[in-house]
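**Q** Starting off with a structure, shown below.
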2 protein chains.
Amino acid sequence: MTAGAVTLRHVADAAGVSVSTASRALAGKAQQYRISQQTERSVRSAADRLGFRPSHVARSLRSQKSGLLGVLVPDVANPFFSAVAREVTAAADAHGLSVLLADSRETTSNEVTLLDKLQARQVEGLVICPVGDEGEHLKQVAVSNVPAVLVDRGFPDVRLTTVTTDHRAGAREVARTLIERGHRTIGCLQGRPGTLPNEERVAGCRDALREAGLPFSRRLVRGDRFSEQSGYDACHALLNDVPDVSALFTFSNQIALGALRALQERKLSVPDDLSLVTFDDHPFAGFLAAPLSTVRQDVSRIGRTAAGLLIEQIQTGRRPRRRMHRIPAEFVLRASIGTRA
Amino acid sequence: MTAGAVTLRHVADAAGVSVSTASRALAGKAQQYRISQQTERSVRSAADRLGFRPSHVARSLRSQKSGLLGVLVPDVANPFFSAVAREVTAAADAHGLSVLLADSRETTSNEVTLLDKLQARQVEGLVICPVGDEGEHLKQVAVSNVPAVLVDRGFPDVRLTTVTTDHRAGAREVARTLIERGHRTIGCLQGRPGTLPNEERVAGCRDALREAGLPFSRRLVRGDRFSEQSGYDACHALLNDVPDVSALFTFSNQIALGALRALQERKLSVPDDLSLVTFDDHPFAGFLAAPLSTVRQDVSRIGRTAAGLLIEQIQTGRRPRRRMHRIPAEFVLRASIGTRA
DNA sequence: ATGAAAGCGCTAACAT
DNA sequence: ATGTTAGCGCTTTCAT
């Protein structure tokens with residue numbers, strides 16, 4: 001804290017008035033309190049002259065309002081989460097709020113600790129992108145009275161407003177397209193099993209296969225994390241076990257990268273030997289050796305929706321009526337998908 | 001702020017002691033103040049039972065320490081800045097500090113306002129990634145006593161510790177490599193002229209040309225922003241004006257993307273018709289149609305260095321002796337660079 | 001039209 | 001071994 005900072009006391013003294021008058025004058029309540037133009041001006045000029053900057057801390061204590069929003073993400077450097085952070089920051093800014101950023105480094109135990117820290121800092125609202133393995137600690141948040149919104153990885157049994165992509169519809173569209181083009185054996189390189197986005201994506205694939213009267217097999221779903229390594233390992237494993245796979249649906253860019261590396265090692269080319277689609281679009285996707293088909297999540301809209309719901313909740317004091325908000329994804333077809341006879 | 005929150009008062013009452021005793025017991029100062037095991041236990045259990053969470057706001061006011069670090073970036077969704085934010089957040093966390101995130105949306109006027117807001121919130125330190133056009137307002141920060149570190153875009157006349165990539169050395173290496181491979185007419189698609197990174201990169205190219213006894217011409221340096229559009233426009237303009245350009249050095253990924261789009265329109269292929277190198281590496285760079293050579297900035301190290309210098313400054317109360325910290329960049333050679341006879 | 005005083009929740013100096 | 005008191009900087013009620 002800036003040592004020896006200028007306080008209201010100093011301003012009041014310099015203007016020859018009491019602290020209360022100084023406070024009122026600066027708060028723009030001169031009218032309301034019938035403070036003379038004279039006084040108001042002299043207070044204002046004293047404040048300017050001394051470089052007075054009101055203490056937000058003192059104000060928060062007095063008003064019982066921190067003006068703080070907490071944003072908790074598993075990794076700010078992940079484009080998805082940084083986009084969420086950006087939208088929330090913009091919305092906060094527009095409402096005179098500030099953002100406390102916390103990064104759980106993909107670890108639930110950090111998430112628990114940070115959630116606690118944020119609440120100790122009296123945040124007025126929380127945007128939480130959970131790690132997703134476990135949601136017990138989120139129930140605490142749900143029963144506390146601090147407004148909160150979950151983003152991306154929700155939990156069926158945690159009663160908190162949740163904003164997420166319509167993963168199921170997005171995945172269904174991908175699978176349908178692959179089926180239309182003659183693919184019958186479609187491998188999924190998934191992310192973390194058990195998380196909502198992952199399970200809904202698997203469900204979307206299953207939907208499309210059923211609709212087409214084709215069988216769905218868990219044997220074709222591999223991988224255990226949203227990481228490059230998982231994509232790489234799962235890709236090799238799948239192709240070893242099921243050589244007739246003709247299309248690969250990877251559940252994230254990282255996974256796609258791993259798969260691409262594995263395919264390169266096996267001297268398989270996209271889309272001639274194998275078709276490839278991935279979740280999450282990407283500026284370079286169209287310039288890849290095989291321009292990559294993707295499911296583009298509307299990250300900005302997700303972030304804005306979450307921020308909007310949170311701020312509404314703070315302002316009205318009421319939970320929004322709808323709990324699940326599914327934001328449509330956009331399928332972007334590029335050359336990485338080929339056809340099979 | 002959580003209405004009707006449990007305060008120390010409640011805990012003290014429940015335990016039948018004074019607030020001071022309660023405070024001391026919970027602060028782990030039982031030994032020091034010779035508080036009986038008895039008392040300590042009963043205070044602790046009361047706190048647990050009531051779900052007491054100390055108010056950070058009150059503590060900050062009392063201790064005159066906010067425990068807050070301000071991080072100001074032009075755009076958190078830009079991978080460079082989100083990486084910086086991540087490192088600073090991690091370091092803050094390790095030192096019991098929290099991070100206030102502010103996003104200037106690439107606008108200097110926002111930067112000024114936000115800087116003020118952060119200081120009103122009594123941040124104990126500032127990591128600033130300036131927009132870079134203008135540095136007047138940063139001089140205020142330099143003379144105030146809040147510790148601050150500039151990242152990426154420094155200003156020669158602002159006396160603040162600055163951490164940035166060694167842009168000049170990085171660019172020089174790129175240009176040397178191109179020259180070695182027979183390129184004589186090298187176009188630079190630059191970012192925002194006047195900013196430190198941009199000027200140093202241009203200087204690096206000039207260095208390499210001079211060393212090789214080749215002329216340097218401003219006519220070969222085009223573009224005005226670190227954006228895709230600027231890359232696209234500058235690329236077309238340059239190729240129209242100077243048809244014998246054989247290599248393109250783009251100063252960011254966004255610019256590279258624009259250039260790639262322009263080249264595609266002109267049916268020019270990389271590296272056969274034109275070589276291409278860019279600043280900023282990228283997970284997909286190696287999988288592009290023409291695997292892209294890049295200069296990889298060590299973003300994590302930049303972030304860690306900045307955070308370290310800031311925290312050192314906070315703890316010791318002294319400015320670090322060295323003002324400029326240049327972090328080496330790594331040149332990654334891929335197939336996008338061809339040779340010329 | 002303005003001031004005095006209380007109090008937000010906490011810690012620490014000063015009593016016992 | 002524990003309590004009392006003052007005060008961090010601000011806003012607001014209650015006086016005048």
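Going by the structure tokens order, chains are called A, B, ..., each with residues numbered from 1, while ligands are numbered from 1 in the order shown.
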Using only C-alpha atoms (C1' of nucleotides), I'd like a table of the residues in chain B that come within 8 Å of chain C; for each, show the closest atom pair and its distance in Å rounded to one decimal, ordered by chain and ascending number, as a tab-separated table.
**A**
```
residue	atom	partner	partner_atom	distance
B:Thr7	CA	C:DG9	C1'	6.9
B:Leu8	CA	C:DG9	C1'	7.4
B:Ser20	CA	C:DT11	C1'	7.9
B:Ser23	CA	C:DT11	C1'	7.7
B:Ser55	CA	C:DG9	C1'	6.6
B:Ala58	CA	C:DG9	C1'	4.9
B:Arg59	CA	C:DC10	C1'	5.2
B:Arg62	CA	C:DC10	C1'	6.3
B:Ser63	CA	C:DT11	C1'	7.6
```
**Q** Give me a file of those residues, with N, CA, C and O atoms, as a compact mmCIF listing (two decimals), in the first residue's frame.
**A**
```
# COMPACT_ATOMS: atom_id res chain seq x y z
N THR B 7 -18.00 -12.62 11.92
CA THR B 7 -16.82 -11.80 12.21
C THR B 7 -16.10 -12.33 13.44
O THR B 7 -16.60 -13.22 14.14
N LEU B 8 -14.97 -11.75 13.68
CA LEU B 8 -14.17 -12.14 14.83
C LEU B 8 -14.97 -11.98 16.12
O LEU B 8 -14.84 -12.77 17.06
N SER B 20 -9.45 -9.61 20.86
CA SER B 20 -7.99 -9.67 20.73
C SER B 20 -7.48 -11.08 20.95
O SER B 20 -6.65 -11.58 20.19
N SER B 23 -8.33 -13.07 17.98
CA SER B 23 -7.42 -12.72 16.90
C SER B 23 -6.08 -13.41 17.07
O SER B 23 -5.56 -14.04 16.16
N SER B 55 -11.88 -11.29 7.29
CA SER B 55 -12.08 -10.32 6.21
C SER B 55 -10.75 -9.75 5.75
O SER B 55 -10.05 -9.07 6.49
N ALA B 58 -10.74 -5.83 5.88
CA ALA B 58 -10.43 -5.22 7.18
C ALA B 58 -8.95 -5.36 7.47
O ALA B 58 -8.28 -4.43 7.93
N ARG B 59 -8.43 -6.52 7.18
CA ARG B 59 -7.02 -6.78 7.43
C ARG B 59 -6.15 -5.82 6.62
O ARG B 59 -5.17 -5.29 7.12
N ARG B 62 -6.24 -2.31 8.05
CA ARG B 62 -5.46 -2.25 9.28
C ARG B 62 -3.95 -2.34 9.00
O ARG B 62 -3.16 -1.56 9.51
N SER B 63 -3.57 -3.29 8.17
CA SER B 63 -2.14 -3.54 7.97
C SER B 63 -1.54 -2.63 6.91
O SER B 63 -0.33 -2.61 6.72
```
**Q** Would you list which chain A residues are within 7 Å of chain B using only C-alpha atoms, as a PyMOL selection string?
**A** chain A and resi 1-2+53-58+60-61+64-66+76-77+79+82-83+86+89+99-103+120-124+145-146+287-289
**Q** Just need the residues of chain D within 12 Å of chain B, counting only C-alpha atoms (C1' of nucleotides), so spit them out as number ranges by chain.
**A** D: 1-10
**Q** May I have all residues of segment 69-157 of chain A that DSSP, computed from the backbone, assigns to helix (DSSP H, G or I), given as a ChimeraX atom specification?
**A** /A:79-94,108-120,136-143
**Q** Once DSSP has gone over the backbone, tell me which residues of segment 207-316 of chain A are in strand (DSSP E), as a list of chain:residue names.
**A**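 Everything in segment 207-316 of chain A that counts as strand (DSSP E) is A:Val221, A:Arg222, A:Ala247, A:Leu248, A:Phe249, A:Thr250, A:Ser275, A:Leu276, A:Val277, A:Thr278, A:Phe279, A:Ser293, A:Thr294, A:Val295, A:Arg296.
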**Q** Fewer than 6 positions away in the same chain doesn't count, so skip those; otherwise give me all residues within 8 Å of Arg201 of chain B, counting only C-alpha atoms (C1' of nucleotides), as a PyMOL selection string.
**A** chain B and resi 167-168+170-172+251
**Q** Output N, CA, C and O atoms for every residue in that selection, as a PDB file, in the first residue's frame.
**A**
```pdb
ATOM      1  N   HIS B 167      14.812  -8.833 -28.924  1.00  0.00           N
ATOM      2  CA  HIS B 167      14.250  -8.771 -30.272  1.00  0.00           C
ATOM      3  C   HIS B 167      15.319  -8.587 -31.340  1.00  0.00           C
ATOM      4  O   HIS B 167      15.279  -9.189 -32.398  1.00  0.00           O
ATOM      5  N   ARG B 168      16.269  -7.732 -31.025  1.00  0.00           N
ATOM      6  CA  ARG B 168      17.289  -7.408 -32.009  1.00  0.00           C
ATOM      7  C   ARG B 168      18.116  -8.630 -32.374  1.00  0.00           C
ATOM      8  O   ARG B 168      18.320  -8.932 -33.554  1.00  0.00           O
ATOM      9  N   GLY B 170      17.316 -11.722 -31.975  1.00  0.00           N
ATOM     10  CA  GLY B 170      16.452 -12.699 -32.633  1.00  0.00           C
ATOM     11  C   GLY B 170      16.279 -12.374 -34.103  1.00  0.00           C
ATOM     12  O   GLY B 170      16.423 -13.242 -34.972  1.00  0.00           O
ATOM     13  N   ALA B 171      15.990 -11.109 -34.374  1.00  0.00           N
ATOM     14  CA  ALA B 171      15.767 -10.694 -35.762  1.00  0.00           C
ATOM     15  C   ALA B 171      17.059 -10.816 -36.569  1.00  0.00           C
ATOM     16  O   ALA B 171      17.049 -11.210 -37.735  1.00  0.00           O
ATOM     17  N   ARG B 172      18.169 -10.480 -35.936  1.00  0.00           N
ATOM     18  CA  ARG B 172      19.446 -10.556 -36.633  1.00  0.00           C
ATOM     19  C   ARG B 172      19.711 -11.987 -37.089  1.00  0.00           C
ATOM     20  O   ARG B 172      20.121 -12.237 -38.224  1.00  0.00           O
ATOM     21  N   PHE B 251       6.396 -10.032 -38.361  1.00  0.00           N
ATOM     22  CA  PHE B 251       6.739  -9.745 -36.968  1.00  0.00           C
ATOM     23  C   PHE B 251       5.780 -10.298 -35.933  1.00  0.00           C
ATOM     24  O   PHE B 251       5.937 -10.038 -34.743  1.00  0.00           O
TER      25      PHE B 251
END
```
**Q** Atom CA of Val245 of chain B and atom CA of Thr165 of chain B are how many Å apart?
**A** 27.4 Å
**Q** In Å, rounded to a single decimal, give me how far atom CA of Gly191 of chain B is from atom CA of Asp224 of chain B.
**A**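 One can read the atom CA of Asp224 of chain B to atom CA of Gly191 of chain B distance as 5.3 Å.
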**Q** So that I can see what lies close to Ser293 of chain B, please list as a list in words the residues with an atom at most 8 Å from it, counting only C-alpha atoms (C1' of nucleotides) and leaving out residues fewer than 3 positions away in the same chain.
**A**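 My reading of the contact set: Leu276, Val277, Thr278, Ala285, Phe331, Val332, Leu333, Arg334, Ala335, Ser336 and Ile337 of chain B.
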**Q** What does the file look like for those residues with all heavy atoms, as a short mmCIF file (atom, residue, chain, number, x, y, z; two decimals), in the first residue's frame?
**A**
```
data_model
loop_
_atom_site.label_atom_id
_atom_site.label_comp_id
_atom_site.auth_asym_id
_atom_site.auth_seq_id
_atom_site.Cartn_x
_atom_site.Cartn_y
_atom_site.Cartn_z
N LEU B 276 9.40 -17.78 -45.84
CA LEU B 276 8.64 -17.09 -44.80
C LEU B 276 9.17 -17.45 -43.41
O LEU B 276 9.43 -18.62 -43.12
CB LEU B 276 7.16 -17.47 -44.93
CG LEU B 276 6.15 -16.84 -43.98
CD1 LEU B 276 6.12 -15.34 -44.11
CD2 LEU B 276 4.75 -17.42 -44.22
N VAL B 277 9.36 -16.44 -42.60
CA VAL B 277 9.73 -16.65 -41.18
C VAL B 277 8.86 -15.72 -40.37
O VAL B 277 8.53 -14.62 -40.83
CB VAL B 277 11.17 -16.20 -40.86
CG1 VAL B 277 11.67 -16.89 -39.62
CG2 VAL B 277 12.10 -16.37 -42.02
N THR B 278 8.53 -16.11 -39.16
CA THR B 278 7.73 -15.21 -38.34
C THR B 278 8.21 -15.15 -36.90
O THR B 278 8.90 -16.07 -36.42
CB THR B 278 6.24 -15.61 -38.36
OG1 THR B 278 5.46 -14.56 -37.80
CG2 THR B 278 5.99 -16.89 -37.58
N ALA B 285 2.71 -24.61 -35.84
CA ALA B 285 3.65 -24.09 -36.84
C ALA B 285 4.29 -25.20 -37.67
O ALA B 285 4.46 -25.08 -38.87
CB ALA B 285 4.72 -23.23 -36.17
N PHE B 331 15.62 -19.39 -32.29
CA PHE B 331 15.25 -19.50 -33.70
C PHE B 331 14.93 -20.95 -34.03
O PHE B 331 15.73 -21.84 -33.76
CB PHE B 331 16.40 -18.99 -34.57
CG PHE B 331 16.11 -19.04 -36.04
CD1 PHE B 331 14.94 -18.50 -36.57
CD2 PHE B 331 17.02 -19.62 -36.91
CE1 PHE B 331 14.68 -18.55 -37.92
CE2 PHE B 331 16.76 -19.67 -38.28
CZ PHE B 331 15.59 -19.13 -38.78
N VAL B 332 13.75 -21.17 -34.59
CA VAL B 332 13.35 -22.53 -34.93
C VAL B 332 13.25 -22.64 -36.45
O VAL B 332 12.35 -22.09 -37.07
CB VAL B 332 11.97 -22.87 -34.31
CG1 VAL B 332 11.61 -24.32 -34.61
CG2 VAL B 332 11.98 -22.61 -32.81
N LEU B 333 14.21 -23.37 -37.02
CA LEU B 333 14.27 -23.49 -38.47
C LEU B 333 13.38 -24.62 -38.97
O LEU B 333 13.53 -25.77 -38.55
CB LEU B 333 15.72 -23.74 -38.89
CG LEU B 333 15.98 -23.79 -40.40
CD1 LEU B 333 15.61 -22.47 -41.05
CD2 LEU B 333 17.42 -24.14 -40.67
N ARG B 334 12.45 -24.26 -39.85
CA ARG B 334 11.61 -25.29 -40.47
C ARG B 334 11.61 -25.09 -41.98
O ARG B 334 12.27 -24.18 -42.49
CB ARG B 334 10.19 -25.24 -39.90
CG ARG B 334 10.10 -25.55 -38.41
CD ARG B 334 8.68 -25.89 -37.98
NE ARG B 334 8.55 -26.10 -36.53
CZ ARG B 334 8.24 -25.12 -35.66
NH1 ARG B 334 8.01 -23.90 -36.10
NH2 ARG B 334 8.17 -25.38 -34.38
N ALA B 335 10.80 -25.89 -42.66
CA ALA B 335 10.89 -25.94 -44.13
C ALA B 335 10.45 -24.68 -44.88
O ALA B 335 10.63 -24.59 -46.09
CB ALA B 335 10.09 -27.14 -44.64
N SER B 336 9.91 -23.71 -44.18
CA SER B 336 9.40 -22.52 -44.90
C SER B 336 10.50 -21.63 -45.45
O SER B 336 10.22 -20.66 -46.14
CB SER B 336 8.51 -21.70 -43.97
OG SER B 336 9.28 -21.11 -42.95
N ILE B 337 11.75 -21.97 -45.13
CA ILE B 337 12.85 -21.19 -45.68
C ILE B 337 13.56 -22.00 -46.77
O ILE B 337 14.04 -23.10 -46.52
CB ILE B 337 13.88 -20.80 -44.58
CG1 ILE B 337 13.20 -19.90 -43.55
CG2 ILE B 337 15.08 -20.09 -45.21
CD1 ILE B 337 14.14 -19.36 -42.51
#
```
**Q** Using only C-alpha atoms (C1' of nucleotides), determine which residues lie at most 9 Å from Asp298 of chain B, disregarding the query and same-chain residues fewer than 5 positions distant; provide the list as number ranges by chain.
**A** B: 165, 303, 327-330
**Q** Could you write those residues out with N, CA and C atoms, as a PDB file, in the first residue's frame?
**A**
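Saved as selection-v3.pdb:
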```
ATOM      1  N   THR B 165      11.925  -9.562 -24.741  1.00  0.00           N
ATOM      2  CA  THR B 165      12.733 -10.473 -25.536  1.00  0.00           C
ATOM      3  C   THR B 165      13.912  -9.701 -26.133  1.00  0.00           C
ATOM      4  N   GLY B 303       7.659 -13.847 -18.204  1.00  0.00           N
ATOM      5  CA  GLY B 303       6.683 -13.665 -17.127  1.00  0.00           C
ATOM      6  C   GLY B 303       7.298 -13.920 -15.760  1.00  0.00           C
ATOM      7  N   ILE B 327      15.545 -11.126 -22.650  1.00  0.00           N
ATOM      8  CA  ILE B 327      15.479 -12.587 -22.604  1.00  0.00           C
ATOM      9  C   ILE B 327      15.744 -13.120 -24.009  1.00  0.00           C
ATOM     10  N   PRO B 328      16.716 -14.034 -24.145  1.00  0.00           N
ATOM     11  CA  PRO B 328      17.040 -14.557 -25.474  1.00  0.00           C
ATOM     12  C   PRO B 328      15.862 -15.269 -26.120  1.00  0.00           C
ATOM     13  N   ALA B 329      15.797 -15.154 -27.430  1.00  0.00           N
ATOM     14  CA  ALA B 329      14.767 -15.864 -28.184  1.00  0.00           C
ATOM     15  C   ALA B 329      15.434 -17.040 -28.889  1.00  0.00           C
ATOM     16  N   GLU B 330      14.628 -18.006 -29.287  1.00  0.00           N
ATOM     17  CA  GLU B 330      15.188 -19.189 -29.936  1.00  0.00           C
ATOM     18  C   GLU B 330      14.698 -19.275 -31.374  1.00  0.00           C
TER      19      GLU B 330
END
```
**Q** Tell me, as a list in words, which residues lie within 9 Å of Arg159 of chain B, counting only C-alpha atoms (C1' of nucleotides); anything in the same chain fewer than 4 positions away does not count.
**A**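 My list of contacting residues is Leu138, Lys139, Ala142, Val143, Phe155 and Arg323 of chain B.
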**Q** Keeping only N, CA and C atoms, write those residues as a PDB file, in the first residue's frame.
**A**
```pdb
ATOM      1  N   LEU B 138       3.147   6.546 -17.843  1.00  0.00           N
ATOM      2  CA  LEU B 138       3.971   5.575 -17.121  1.00  0.00           C
ATOM      3  C   LEU B 138       5.022   6.285 -16.276  1.00  0.00           C
ATOM      4  N   LYS B 139       5.352   7.485 -16.665  1.00  0.00           N
ATOM      5  CA  LYS B 139       6.299   8.248 -15.862  1.00  0.00           C
ATOM      6  C   LYS B 139       5.727   8.527 -14.480  1.00  0.00           C
ATOM      7  N   ALA B 142       6.399   5.659 -12.500  1.00  0.00           N
ATOM      8  CA  ALA B 142       7.815   5.584 -12.148  1.00  0.00           C
ATOM      9  C   ALA B 142       8.146   6.465 -10.939  1.00  0.00           C
ATOM     10  N   VAL B 143       7.519   7.618 -10.850  1.00  0.00           N
ATOM     11  CA  VAL B 143       7.831   8.490  -9.719  1.00  0.00           C
ATOM     12  C   VAL B 143       7.019   8.142  -8.473  1.00  0.00           C
ATOM     13  N   PHE B 155       9.891   1.761 -22.695  1.00  0.00           N
ATOM     14  CA  PHE B 155      10.119   3.094 -23.233  1.00  0.00           C
ATOM     15  C   PHE B 155      11.474   3.569 -22.735  1.00  0.00           C
ATOM     16  N   ARG B 323      18.138  -2.201 -15.344  1.00  0.00           N
ATOM     17  CA  ARG B 323      16.826  -1.761 -15.771  1.00  0.00           C
ATOM     18  C   ARG B 323      16.288  -2.576 -16.939  1.00  0.00           C
TER      19      ARG B 323
END
```
